[in-house]
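Note: the block below is final_35.pdb and it holds PDB, C-alpha atoms and all ligand atoms.
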```pdb
MODEL        1
ATOM      1  CA  MET A 196     -55.469  75.044 -88.645
ATOM      2  CA  PRO A 197     -56.781  78.523 -89.632
ATOM      3  CA  GLN A 198     -55.169  81.371 -87.701
ATOM      4  CA  PRO A 199     -56.659  84.743 -86.735
ATOM      5  CA  ASN A 200     -55.604  87.650 -88.867
ATOM      6  CA  LEU A 201     -54.979  90.258 -86.188
ATOM      7  CA  PRO A 202     -54.133  93.885 -86.917
ATOM      8  CA  THR A 203     -50.728  95.056 -85.731
ATOM      9  CA  SER A 204     -51.792  98.606 -84.924
ATOM     10  CA  TYR A 205     -54.933 100.097 -83.456
ATOM     11  CA  PRO A 206     -56.603 103.486 -83.684
ATOM     12  CA  SER A 207     -56.826 105.684 -80.568
ATOM     13  CA  ARG A 208     -60.567 106.199 -80.480
ATOM     14  CA  LEU A 209     -61.026 106.385 -76.713
ATOM     15  CA  VAL A 210     -58.667 109.132 -75.603
ATOM     16  CA  GLY A 211     -60.126 111.013 -72.618
ATOM     17  CA  ARG A 212     -62.785 108.358 -71.932
ATOM     18  CA  TYR A 213     -63.238 106.494 -68.650
ATOM     19  CA  ALA A 214     -64.430 102.884 -68.677
ATOM     20  CA  LEU A 215     -65.349 100.226 -66.135
ATOM     21  CA  VAL A 216     -64.926  96.565 -67.133
ATOM     22  CA  THR A 217     -66.463  93.995 -64.784
ATOM     23  CA  GLY A 218     -64.808  90.614 -64.337
ATOM     24  CA  ALA A 219     -61.557  91.896 -65.815
ATOM     25  CA  SER A 220     -59.075  89.743 -63.915
ATOM     26  CA  GLN A 221     -58.804  87.272 -66.794
ATOM     27  CA  GLY A 222     -60.249  86.123 -70.107
ATOM     28  CA  ILE A 223     -62.371  88.405 -72.252
ATOM     29  CA  GLY A 224     -62.656  91.080 -69.527
ATOM     30  CA  ARG A 225     -58.889  91.349 -69.268
ATOM     31  CA  ALA A 226     -58.513  91.609 -73.053
ATOM     32  CA  VAL A 227     -61.210  94.304 -73.177
ATOM     33  CA  ALA A 228     -59.542  96.346 -70.407
ATOM     34  CA  ILE A 229     -56.217  96.158 -72.234
ATOM     35  CA  ARG A 230     -57.715  97.046 -75.615
ATOM     36  CA  LEU A 231     -59.621 100.041 -74.213
ATOM     37  CA  ALA A 232     -56.396 101.201 -72.525
ATOM     38  CA  GLU A 233     -54.526 100.759 -75.820
ATOM     39  CA  GLU A 234     -57.041 103.063 -77.469
ATOM     40  CA  GLY A 235     -56.508 105.732 -74.825
ATOM     41  CA  ALA A 236     -59.248 105.042 -72.269
ATOM     42  CA  THR A 237     -58.634 105.071 -68.542
ATOM     43  CA  VAL A 238     -59.950 101.767 -67.190
ATOM     44  CA  ALA A 239     -61.325 100.460 -63.907
ATOM     45  CA  ILE A 240     -60.584  96.755 -63.657
ATOM     46  CA  ASN A 241     -63.252  95.070 -61.571
ATOM     47  CA  TYR A 242     -62.514  91.726 -59.996
ATOM     48  CA  PHE A 243     -64.221  89.502 -57.483
ATOM     49  CA  ASP A 244     -61.876  86.840 -56.177
ATOM     50  CA  HIS A 245     -58.546  87.012 -58.005
ATOM     51  CA  ALA A 246     -56.746  90.135 -56.746
ATOM     52  CA  GLY A 247     -53.394  88.964 -58.128
ATOM     53  CA  ARG A 248     -54.787  88.461 -61.616
ATOM     54  CA  ALA A 249     -56.531  91.842 -61.486
ATOM     55  CA  GLU A 250     -53.172  93.431 -60.626
ATOM     56  CA  GLU A 251     -51.689  91.631 -63.669
ATOM     57  CA  THR A 252     -54.436  93.132 -65.845
ATOM     58  CA  LEU A 253     -53.633  96.534 -64.351
ATOM     59  CA  ALA A 254     -49.943  96.177 -65.198
ATOM     60  CA  LEU A 255     -50.806  95.067 -68.750
ATOM     61  CA  ALA A 256     -53.222  97.981 -69.200
ATOM     62  CA  ARG A 257     -50.582 100.447 -67.983
ATOM     63  CA  THR A 258     -48.033  99.058 -70.411
ATOM     64  CA  ALA A 259     -50.597  99.044 -73.226
ATOM     65  CA  SER A 260     -51.495 102.710 -72.827
ATOM     66  CA  SER A 261     -47.973 103.969 -72.268
ATOM     67  CA  ASP A 262     -46.575 101.894 -75.177
ATOM     68  CA  ARG A 263     -49.103 103.565 -77.468
ATOM     69  CA  GLY A 264     -48.215 107.056 -76.327
ATOM     70  CA  HIS A 265     -51.135 107.741 -73.987
ATOM     71  CA  GLY A 266     -48.868 108.331 -70.995
ATOM     72  CA  ARG A 267     -49.556 107.139 -67.469
ATOM     73  CA  LEU A 268     -53.349 106.959 -67.289
ATOM     74  CA  ASP A 269     -55.124 106.557 -63.948
ATOM     75  CA  HIS A 270     -56.119 102.885 -64.376
ATOM     76  CA  ILE A 271     -57.444 101.329 -61.186
ATOM     77  CA  VAL A 272     -58.475  97.982 -59.739
ATOM     78  CA  VAL A 273     -61.837  97.763 -57.927
ATOM     79  CA  LYS A 274     -63.089  94.780 -56.014
ATOM     80  CA  ALA A 275     -66.815  93.956 -56.145
ATOM     81  CA  ASP A 276     -69.058  90.946 -56.446
ATOM     82  CA  VAL A 277     -71.401  92.130 -59.180
ATOM     83  CA  SER A 278     -74.239  90.111 -57.711
ATOM     84  CA  ASN A 279     -74.064  92.214 -54.559
ATOM     85  CA  GLU A 280     -75.893  95.531 -54.575
ATOM     86  CA  ARG A 281     -73.749  97.058 -51.815
ATOM     87  CA  ASP A 282     -70.529  96.033 -53.548
ATOM     88  CA  ILE A 283     -71.769  97.641 -56.755
ATOM     89  CA  ALA A 284     -72.732 100.869 -54.993
ATOM     90  CA  ALA A 285     -69.304 101.022 -53.332
ATOM     91  CA  MET A 286     -67.541 100.299 -56.640
ATOM     92  CA  PHE A 287     -69.314 103.167 -58.414
ATOM     93  CA  GLU A 288     -68.688 105.499 -55.470
ATOM     94  CA  THR A 289     -64.972 104.684 -55.588
ATOM     95  CA  ILE A 290     -64.765 105.228 -59.344
ATOM     96  CA  LEU A 291     -66.780 108.445 -59.443
ATOM     97  CA  ALA A 292     -65.030 109.916 -56.397
ATOM     98  CA  ARG A 293     -61.714 109.347 -58.130
ATOM     99  CA  TRP A 294     -62.422 110.137 -61.762
ATOM    100  CA  LYS A 295     -65.566 112.307 -61.405
ATOM    101  CA  ARG A 296     -66.873 110.693 -64.566
ATOM    102  CA  LEU A 297     -67.512 107.443 -66.371
ATOM    103  CA  ASP A 298     -68.158 107.133 -70.107
ATOM    104  CA  CYS A 299     -68.450 103.420 -70.685
ATOM    105  CA  LEU A 300     -69.602 100.385 -68.699
ATOM    106  CA  VAL A 301     -68.678  96.916 -69.923
ATOM    107  CA  ASN A 302     -70.815  94.274 -68.220
ATOM    108  CA  ASN A 303     -68.541  91.290 -68.748
ATOM    109  CA  ALA A 304     -68.551  89.273 -65.487
ATOM    110  CA  GLY A 305     -70.150  85.884 -65.879
ATOM    111  CA  PHE A 306     -69.847  82.166 -65.342
ATOM    112  CA  GLN A 307     -71.547  78.912 -66.239
ATOM    113  CA  GLN A 308     -72.101  75.558 -64.652
ATOM    114  CA  GLU A 309     -73.329  72.382 -66.280
ATOM    115  CA  SER A 310     -76.211  70.417 -64.843
ATOM    116  CA  PRO A 311     -79.132  68.412 -66.194
ATOM    117  CA  SER A 312     -81.917  70.979 -66.023
ATOM    118  CA  GLU A 313     -84.171  68.832 -63.860
ATOM    119  CA  ALA A 314     -81.382  68.560 -61.259
ATOM    120  CA  LEU A 315     -80.164  72.175 -61.329
ATOM    121  CA  ASP A 316     -80.213  73.256 -57.697
ATOM    122  CA  VAL A 317     -81.932  76.519 -56.966
ATOM    123  CA  GLU A 318     -78.876  78.103 -55.329
ATOM    124  CA  THR A 319     -76.738  77.547 -58.433
ATOM    125  CA  TYR A 320     -79.557  78.756 -60.642
ATOM    126  CA  ARG A 321     -79.953  81.950 -58.609
ATOM    127  CA  ARG A 322     -76.213  82.582 -58.447
ATOM    128  CA  ILE A 323     -75.801  82.357 -62.232
ATOM    129  CA  ILE A 324     -78.744  84.693 -62.866
ATOM    130  CA  ASP A 325     -77.545  87.044 -60.125
ATOM    131  CA  VAL A 326     -74.026  87.356 -61.530
ATOM    132  CA  ASN A 327     -74.632  87.146 -65.276
ATOM    133  CA  LEU A 328     -77.897  89.066 -65.594
ATOM    134  CA  ASN A 329     -78.880  90.863 -62.384
ATOM    135  CA  GLY A 330     -75.312  92.090 -61.917
ATOM    136  CA  ALA A 331     -75.426  93.628 -65.384
ATOM    137  CA  VAL A 332     -78.771  95.262 -64.582
ATOM    138  CA  LEU A 333     -77.544  96.747 -61.299
ATOM    139  CA  CYS A 334     -74.304  98.034 -62.813
ATOM    140  CA  ALA A 335     -76.246  99.490 -65.740
ATOM    141  CA  GLN A 336     -78.546 101.356 -63.341
ATOM    142  CA  LYS A 337     -75.582 102.980 -61.608
ATOM    143  CA  ALA A 338     -73.919 103.907 -64.890
ATOM    144  CA  LEU A 339     -77.161 105.287 -66.328
ATOM    145  CA  ALA A 340     -77.850 107.390 -63.234
ATOM    146  CA  HIS A 341     -74.420 108.970 -63.692
ATOM    147  CA  PHE A 342     -74.779 109.425 -67.475
ATOM    148  CA  VAL A 343     -78.161 111.123 -67.019
ATOM    149  CA  ALA A 344     -76.987 113.360 -64.166
ATOM    150  CA  ARG A 345     -73.909 114.648 -65.967
ATOM    151  CA  GLY A 346     -75.500 114.770 -69.451
ATOM    152  CA  GLY A 347     -73.516 114.221 -72.622
ATOM    153  CA  GLY A 348     -74.284 110.551 -73.122
ATOM    154  CA  GLY A 349     -72.440 107.351 -72.424
ATOM    155  CA  SER A 350     -72.188 103.765 -73.515
ATOM    156  CA  ILE A 351     -73.005 100.388 -72.017
ATOM    157  CA  ILE A 352     -71.806  97.177 -73.644
ATOM    158  CA  ASN A 353     -73.041  93.854 -72.326
ATOM    159  CA  CYS A 354     -71.093  90.665 -72.816
ATOM    160  CA  SER A 355     -73.730  88.278 -74.011
ATOM    161  CA  SER A 356     -73.070  85.087 -75.981
ATOM    162  CA  VAL A 357     -74.192  83.138 -78.999
ATOM    163  CA  HIS A 358     -76.364  81.490 -76.351
ATOM    164  CA  GLN A 359     -78.435  84.640 -76.355
ATOM    165  CA  ILE A 360     -80.104  82.994 -79.349
ATOM    166  CA  ILE A 361     -78.749  79.423 -79.449
ATOM    167  CA  PRO A 362     -80.152  77.221 -76.668
ATOM    168  CA  LYS A 363     -77.499  75.465 -74.574
ATOM    169  CA  PRO A 364     -78.887  72.228 -73.123
ATOM    170  CA  GLY A 365     -77.409  71.403 -69.718
ATOM    171  CA  TYR A 366     -76.754  75.108 -69.099
ATOM    172  CA  LEU A 367     -80.272  76.314 -68.392
ATOM    173  CA  ALA A 368     -79.417  79.208 -66.075
ATOM    174  CA  TYR A 369     -76.614  80.394 -68.372
ATOM    175  CA  SER A 370     -78.914  80.284 -71.427
ATOM    176  CA  ILE A 371     -81.620  82.197 -69.557
ATOM    177  CA  SER A 372     -79.098  84.791 -68.364
ATOM    178  CA  LYS A 373     -77.803  85.409 -71.883
ATOM    179  CA  GLY A 374     -81.310  85.398 -73.368
ATOM    180  CA  GLY A 375     -82.165  88.075 -70.827
ATOM    181  CA  MET A 376     -79.227  90.139 -72.067
ATOM    182  CA  ALA A 377     -81.114  90.680 -75.325
ATOM    183  CA  ASN A 378     -84.007  92.516 -73.743
ATOM    184  CA  LEU A 379     -81.805  94.222 -71.184
ATOM    185  CA  THR A 380     -79.801  95.666 -74.066
ATOM    186  CA  ARG A 381     -82.773  96.553 -76.263
ATOM    187  CA  THR A 382     -84.984  97.992 -73.527
ATOM    188  CA  LEU A 383     -82.292 100.267 -72.118
ATOM    189  CA  ALA A 384     -81.211 101.257 -75.621
ATOM    190  CA  LEU A 385     -84.707 102.453 -76.453
ATOM    191  CA  GLU A 386     -85.269 104.171 -73.113
ATOM    192  CA  PHE A 387     -82.046 106.173 -73.245
ATOM    193  CA  ALA A 388     -81.445 106.698 -76.979
ATOM    194  CA  SER A 389     -82.695 110.286 -76.953
ATOM    195  CA  ARG A 390     -80.161 111.172 -74.262
ATOM    196  CA  GLY A 391     -77.130 110.090 -76.290
ATOM    197  CA  ILE A 392     -76.688 106.888 -74.309
ATOM    198  CA  ARG A 393     -76.002 103.830 -76.419
ATOM    199  CA  VAL A 394     -76.553 100.293 -75.124
ATOM    200  CA  ASN A 395     -75.252  97.341 -77.111
ATOM    201  CA  ALA A 396     -74.052  93.791 -76.601
ATOM    202  CA  VAL A 397     -71.348  91.522 -77.948
ATOM    203  CA  GLY A 398     -72.147  87.868 -78.557
ATOM    204  CA  PRO A 399     -68.958  85.796 -78.531
ATOM    205  CA  GLY A 400     -68.852  82.240 -79.826
ATOM    206  CA  ALA A 401     -66.297  79.753 -78.467
ATOM    207  CA  ILE A 402     -63.357  81.782 -77.169
ATOM    208  CA  ASP A 403     -60.044  80.617 -75.724
ATOM    209  CA  THR A 404     -60.497  81.652 -72.078
ATOM    210  CA  PRO A 405     -60.481  79.935 -68.672
ATOM    211  CA  ILE A 406     -64.280  79.495 -68.790
ATOM    212  CA  ASN A 407     -63.595  76.834 -71.443
ATOM    213  CA  ALA A 408     -60.707  75.168 -69.600
ATOM    214  CA  ALA A 409     -62.548  71.827 -69.810
ATOM    215  CA  TRP A 410     -61.689  71.558 -73.506
ATOM    216  CA  THR A 411     -59.246  74.252 -74.657
ATOM    217  CA  GLY A 412     -56.142  72.321 -73.617
ATOM    218  CA  ASP A 413     -57.311  68.924 -74.853
ATOM    219  CA  PRO A 414     -56.635  68.527 -78.607
ATOM    220  CA  GLU A 415     -59.344  65.919 -79.074
ATOM    221  CA  LYS A 416     -62.078  67.903 -77.295
ATOM    222  CA  ARG A 417     -60.888  71.108 -78.968
ATOM    223  CA  GLY A 418     -61.173  69.363 -82.335
ATOM    224  CA  VAL A 419     -64.790  68.489 -81.607
ATOM    225  CA  VAL A 420     -65.536  72.144 -80.740
ATOM    226  CA  THR A 421     -63.817  73.561 -83.827
ATOM    227  CA  SER A 422     -65.550  71.023 -86.087
ATOM    228  CA  HIS A 423     -68.806  72.816 -85.275
ATOM    229  CA  ILE A 424     -67.474  76.308 -86.043
ATOM    230  CA  PRO A 425     -67.826  77.392 -89.700
ATOM    231  CA  MET A 426     -64.539  79.328 -89.598
ATOM    232  CA  GLY A 427     -62.831  76.212 -88.244
ATOM    233  CA  ARG A 428     -61.212  77.738 -85.205
ATOM    234  CA  VAL A 429     -61.802  79.050 -81.706
ATOM    235  CA  GLY A 430     -61.753  82.837 -81.254
ATOM    236  CA  THR A 431     -59.211  84.782 -79.223
ATOM    237  CA  PRO A 432     -60.115  87.178 -76.388
ATOM    238  CA  GLU A 433     -58.403  89.925 -78.407
ATOM    239  CA  GLU A 434     -60.806  89.393 -81.328
ATOM    240  CA  ILE A 435     -63.712  89.900 -78.928
ATOM    241  CA  ALA A 436     -62.068  92.909 -77.277
ATOM    242  CA  ALA A 437     -61.836  94.560 -80.707
ATOM    243  CA  VAL A 438     -65.623  94.435 -81.003
ATOM    244  CA  PHE A 439     -66.067  96.025 -77.576
ATOM    245  CA  ALA A 440     -63.612  98.788 -78.515
ATOM    246  CA  PHE A 441     -65.537  99.462 -81.722
ATOM    247  CA  LEU A 442     -68.875  99.651 -79.895
ATOM    248  CA  ALA A 443     -67.359 101.901 -77.199
ATOM    249  CA  SER A 444     -65.991 104.279 -79.820
ATOM    250  CA  ASP A 445     -67.606 106.985 -81.923
ATOM    251  CA  ASP A 446     -67.201 104.672 -84.914
ATOM    252  CA  ALA A 447     -70.360 103.088 -83.504
ATOM    253  CA  SER A 448     -72.051 106.438 -82.816
ATOM    254  CA  TYR A 449     -75.271 105.473 -84.635
ATOM    255  CA  ILE A 450     -75.514 101.938 -83.267
ATOM    256  CA  THR A 451     -77.701 101.141 -80.280
ATOM    257  CA  GLY A 452     -79.750  98.187 -79.087
ATOM    258  CA  GLN A 453     -77.735  95.699 -81.148
ATOM    259  CA  THR A 454     -75.969  92.474 -80.346
ATOM    260  CA  LEU A 455     -72.905  92.047 -82.512
ATOM    261  CA  TYR A 456     -71.993  88.376 -82.785
ATOM    262  CA  ALA A 457     -68.295  87.539 -83.064
ATOM    263  CA  CYS A 458     -68.488  83.798 -83.356
ATOM    264  CA  GLY A 459     -66.795  82.495 -86.505
ATOM    265  CA  GLY A 460     -70.208  81.801 -88.017
ATOM    266  CA  LEU A 461     -71.730  79.822 -85.126
ATOM    267  CA  THR A 462     -75.000  81.741 -85.384
ATOM    268  CA  LEU A 463     -75.380  80.711 -89.047
ATOM    269  CA  PHE A 464     -76.900  77.280 -88.348
ATOM    270  CA  PRO A 465     -73.678  75.347 -89.126
ATOM    271  CA  GLU A 466     -75.638  72.116 -89.475
ATOM    272  CA  PHE A 467     -76.768  73.521 -92.815
ATOM    273  CA  ARG A 468     -73.226  73.836 -94.219
ATOM    274  CA  GLU A 469     -74.018  70.857 -96.393
ATOM    275  CA  ASN A 470     -77.416  70.402 -97.841
ATOM    276  CA  TRP A 471     -79.367  67.653 -96.104
ATOM    277  CA  ALA A 472     -82.788  69.205 -95.892
ATOM    278  CA  SER A 473     -84.041  68.999 -99.462
TER
HETATM  279  P1  LIG A 501     -63.575  83.755 -67.505
HETATM  280  O1  LIG A 501     -64.051  82.714 -66.555
HETATM  281  O2  LIG A 501     -62.178  83.747 -67.921
HETATM  282  O3  LIG A 501     -63.888  85.218 -66.936
HETATM  283  C1  LIG A 501     -65.028  85.527 -66.220
HETATM  284  C2  LIG A 501     -64.707  86.665 -65.304
HETATM  285  O4  LIG A 501     -65.871  87.025 -64.554
HETATM  286  C3  LIG A 501     -63.622  86.304 -64.302
HETATM  287  O5  LIG A 501     -62.684  87.362 -64.209
HETATM  288  C4  LIG A 501     -64.391  86.148 -62.998
HETATM  289  O6  LIG A 501     -63.614  86.412 -61.836
HETATM  290  C5  LIG A 501     -65.471  87.193 -63.205
HETATM  291  N1  LIG A 501     -66.587  87.004 -62.294
HETATM  292  C6  LIG A 501     -67.297  85.875 -62.055
HETATM  293  N2  LIG A 501     -68.190  86.100 -61.087
HETATM  294  C7  LIG A 501     -68.068  87.395 -60.720
HETATM  295  C8  LIG A 501     -68.708  88.222 -59.776
HETATM  296  N3  LIG A 501     -69.686  87.738 -58.990
HETATM  297  N4  LIG A 501     -68.328  89.510 -59.655
HETATM  298  C9  LIG A 501     -67.334  90.021 -60.435
HETATM  299  N5  LIG A 501     -66.681  89.277 -61.341
HETATM  300  C10 LIG A 501     -67.044  87.984 -61.481
HETATM  301  O7  LIG A 501     -64.521  83.648 -68.771
HETATM  302  P2  LIG A 501     -64.646  84.555 -70.071
HETATM  303  O8  LIG A 501     -64.755  83.632 -71.199
HETATM  304  O9  LIG A 501     -63.613  85.603 -70.106
HETATM  305  O10 LIG A 501     -66.082  85.177 -69.810
HETATM  306  C11 LIG A 501     -66.345  86.558 -69.816
HETATM  307  C12 LIG A 501     -67.747  86.787 -70.323
HETATM  308  O11 LIG A 501     -67.808  86.311 -71.666
HETATM  309  C13 LIG A 501     -68.820  86.023 -69.543
HETATM  310  O12 LIG A 501     -69.956  86.852 -69.398
HETATM  311  C14 LIG A 501     -69.139  84.857 -70.456
HETATM  312  O13 LIG A 501     -70.438  84.377 -70.288
HETATM  313  C15 LIG A 501     -68.953  85.513 -71.815
HETATM  314  N6  LIG A 501     -68.747  84.572 -72.919
HETATM  315  C16 LIG A 501     -67.629  83.814 -72.989
HETATM  316  C17 LIG A 501     -67.489  82.934 -74.064
HETATM  317  C18 LIG A 501     -66.276  82.052 -74.222
HETATM  318  O14 LIG A 501     -66.301  81.136 -75.046
HETATM  319  N7  LIG A 501     -65.197  82.276 -73.486
HETATM  320  C19 LIG A 501     -68.489  82.847 -75.034
HETATM  321  C20 LIG A 501     -69.606  83.645 -74.910
HETATM  322  C21 LIG A 501     -69.742  84.519 -73.859
ENDMDL
END
```
Encoding of this model in structure tokens:
Amino acid sequence: MPQPNLPTSYPSRLVGRYALVTGASQGIGRAVAIRLAEEGATVAINYFDHAGRAEETLALARTASSDRGHGRLDHIVVKADVSNERDIAAMFETILARWKRLDCLVNNAGFQQESPSEALDVETYRRIIDVNLNGAVLCAQKALAHFVARGGGGSIINCSSVHQIIPKPGYLAYSISKGGMANLTRTLALEFASRGIRVNAVGPGAIDTPINAAWTGDPEKRGVVTSHIPMGRVGTPEEIAAVFAFLASDDASYITGQTLYACGGLTLFPEFRENWAS
């Protein structure tokens, strides 16, 4: 089975920056928080319902930054349901009261639920849109208000998905939420480009995280998933975190309004790997 070729050392591109990562108690959010901390950023680890796991992320972020010579940075854990406007306001108040600044928002929190579209109940539909899309909008508004008020720019990175462009039958609300990420990212990017604020998105493919627990631990089901991925393997959260770190850094200083897909080739129409159409 092909293995990821991961670098053994990272640059320190985010020294002196302050970043908020939503949904960082596990999975991609956790990996992003750790990677940003490794590169020198001070991180706020948002969680909703897993305080213990958020504390684990905090401990890992502390180790990551001190191991790489950044000292004891002021990483914090902040509880908030990103679908709740009051929670979001309180989260930003807490962060800004403590740090006095924020440089980067990572809108990562999200979930999915399968249902035949005709039977998708309206509560589930609303909850998925509220968390995955509206939560990102509300957090972006708070971050933008701060970036504009203090001047000097900032960065927002949305965690989208290959399902921003690939329909996902049986996951209507999830597909709509990720489709919406495209115009959220592009509209804000255009509106704020002249003020040094960059807005981008990352589009992961199939990544080894708890959201995919239904198949990651089952060799047969995992085999079916990987058979559809041109690179022949599932991605790691660390491979996705690397893309976030790049977009957060000045290495991406001229990039805005883009979705960078990290998906092992899933967006390349894998059904066309072998010619059947002509
Ligand atoms: P995950 O289930 O491990 O993590 C999701 C995180 O979001 C959890 O920490 C959860 O507590 C948090 N969350 C959920 N609802 C929340 C709320 N209301 N408020 C605050 N936090 C909340 O899954 P993951 O794979 O790490 O997913 C992270 C992001 O990546 C999601 O937006 C997901 O859609 C996206 N994504 C994942 C994959 C994949 O294959 N794993 C692929 C494409 C996109």
- Item | Residues near Gly235 in chain A, cut-off 12 Å, only C-alpha atoms, skip fewer than 6 positions along chain, as a PyMOL selection string | chain A and resi 205-214+228-229+256-270+440+443-444
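Among A:Arg428, A:Phe439, A:Gly400, A:Trp471, the residue with the shortest atom-to-atom distance to Pro197 in chain A, counting all atoms listed in the file, is A:Arg428.
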Box for ligand LIG 501 (chain A): with edges along x, y and z, all listed atoms inside and 8 Å added on each side, what are the centre and edge lengths in Å to one decimal, as AutoDock Vina command-line options?
```
--center_x -66.3 --center_y 85.6 --center_z -67.0 --size_x 24.3 --size_y 24.9 --size_z 32.1
```
- Site check for ligand LIG 501 (chain A): residues at most 7 Å away, only C-alpha atoms and all ligand atoms, as a PyMOL selection string: chain A and resi 217-224+241-245+275-278+303-307+326-327+354-357+398-407
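Distance check against Val397 in chain A using all atoms listed in the file: of A:Leu339, A:Cys334, A:Val272, A:Val227, the minimum falls on A:Val227.
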- Message: Here is a test: counting only C-alpha atoms, which residue of A:Ala396, A:Ile361, A:Ala340, A:Leu367 is nearest to Val301 in chain A?
- Response: A:Ala396
- Query: Taking (-76.0, 81.3, -78.3) in the file's coordinates as the center, which residues reach within 12 Å of it, counting only C-alpha atoms, put as an MDAnalysis selection string?
  - Reply: chainID A and resid 354:364 366:367 369:377 397:401 454:458 460:464
- Leaving out Ala338 in chain A and any residue of its chain fewer than 6 positions from it, which residues lie within 12 Å of it when counting all atoms listed in the file, given as a count of residues only? 33
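Take CA of Gly459 in chain A and CA of Ala232 in chain A: the distance between them is 25.6 Å.
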- Just give me the residues with any atom within 12 Å of (-67.7, 71.8, -83.4), file coordinates, counting only C-alpha atoms, written as number ranges by chain. A: 400-401, 410, 415-429, 459-461, 464-466
- Task: Using all atoms listed in the file, find the one residue out of A:Ala292, A:Ile323, A:Ala388, A:Ala368 that sits nearest to Val343 in chain A.
- Result: A:Ala388
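The nearest approach to Leu315 in chain A among the residues A:Lys295, A:Asn353, A:Gly365, A:Arg468, with only C-alpha atoms taken into account, belongs to A:Gly365.
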- Message: Measuring between all atoms listed in the file, which one of A:Ala236, A:Gly330, A:Ser448, A:Val273 shows the shortest distance to Ala249 in chain A?
- Response: A:Val273
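As for CA of Gly391 in chain A and CA of Leu442 in chain A, they are spaced 13.8 Å apart.
Taking CA of Asp282 in chain A and CA of Arg381 in chain A as the two end points, the separation is 25.8 Å.
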Save C-alpha atoms of range 251-270 of chain A from the block above as a short mmCIF file (atom, residue, chain, number, x, y, z; two decimals), in the first residue's frame.
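What landed in result_34.cif:
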```cif
data_model
loop_
_atom_site.label_atom_id
_atom_site.label_comp_id
_atom_site.auth_asym_id
_atom_site.auth_seq_id
_atom_site.Cartn_x
_atom_site.Cartn_y
_atom_site.Cartn_z
CA GLU A 251 -5.15 16.76 24.61
CA THR A 252 -4.80 19.00 21.54
CA LEU A 253 -3.60 21.79 23.83
CA ALA A 254 -0.94 19.55 25.37
CA LEU A 255 0.18 18.40 21.91
CA ALA A 256 0.34 21.99 20.63
CA ARG A 257 2.42 23.04 23.65
CA THR A 258 4.85 20.19 23.09
CA ALA A 259 4.98 20.93 19.36
CA SER A 260 5.92 24.58 19.81
CA SER A 261 8.38 24.06 22.63
CA ASP A 262 10.06 21.09 20.87
CA ARG A 263 10.69 23.35 17.87
CA GLY A 264 12.20 26.11 19.96
CA HIS A 265 9.26 28.52 20.09
CA GLY A 266 9.11 28.45 23.89
CA ARG A 267 5.93 28.38 25.94
CA LEU A 268 3.37 30.09 23.72
CA ASP A 269 0.00 31.18 25.12
CA HIS A 270 -2.11 28.44 23.49
#
```
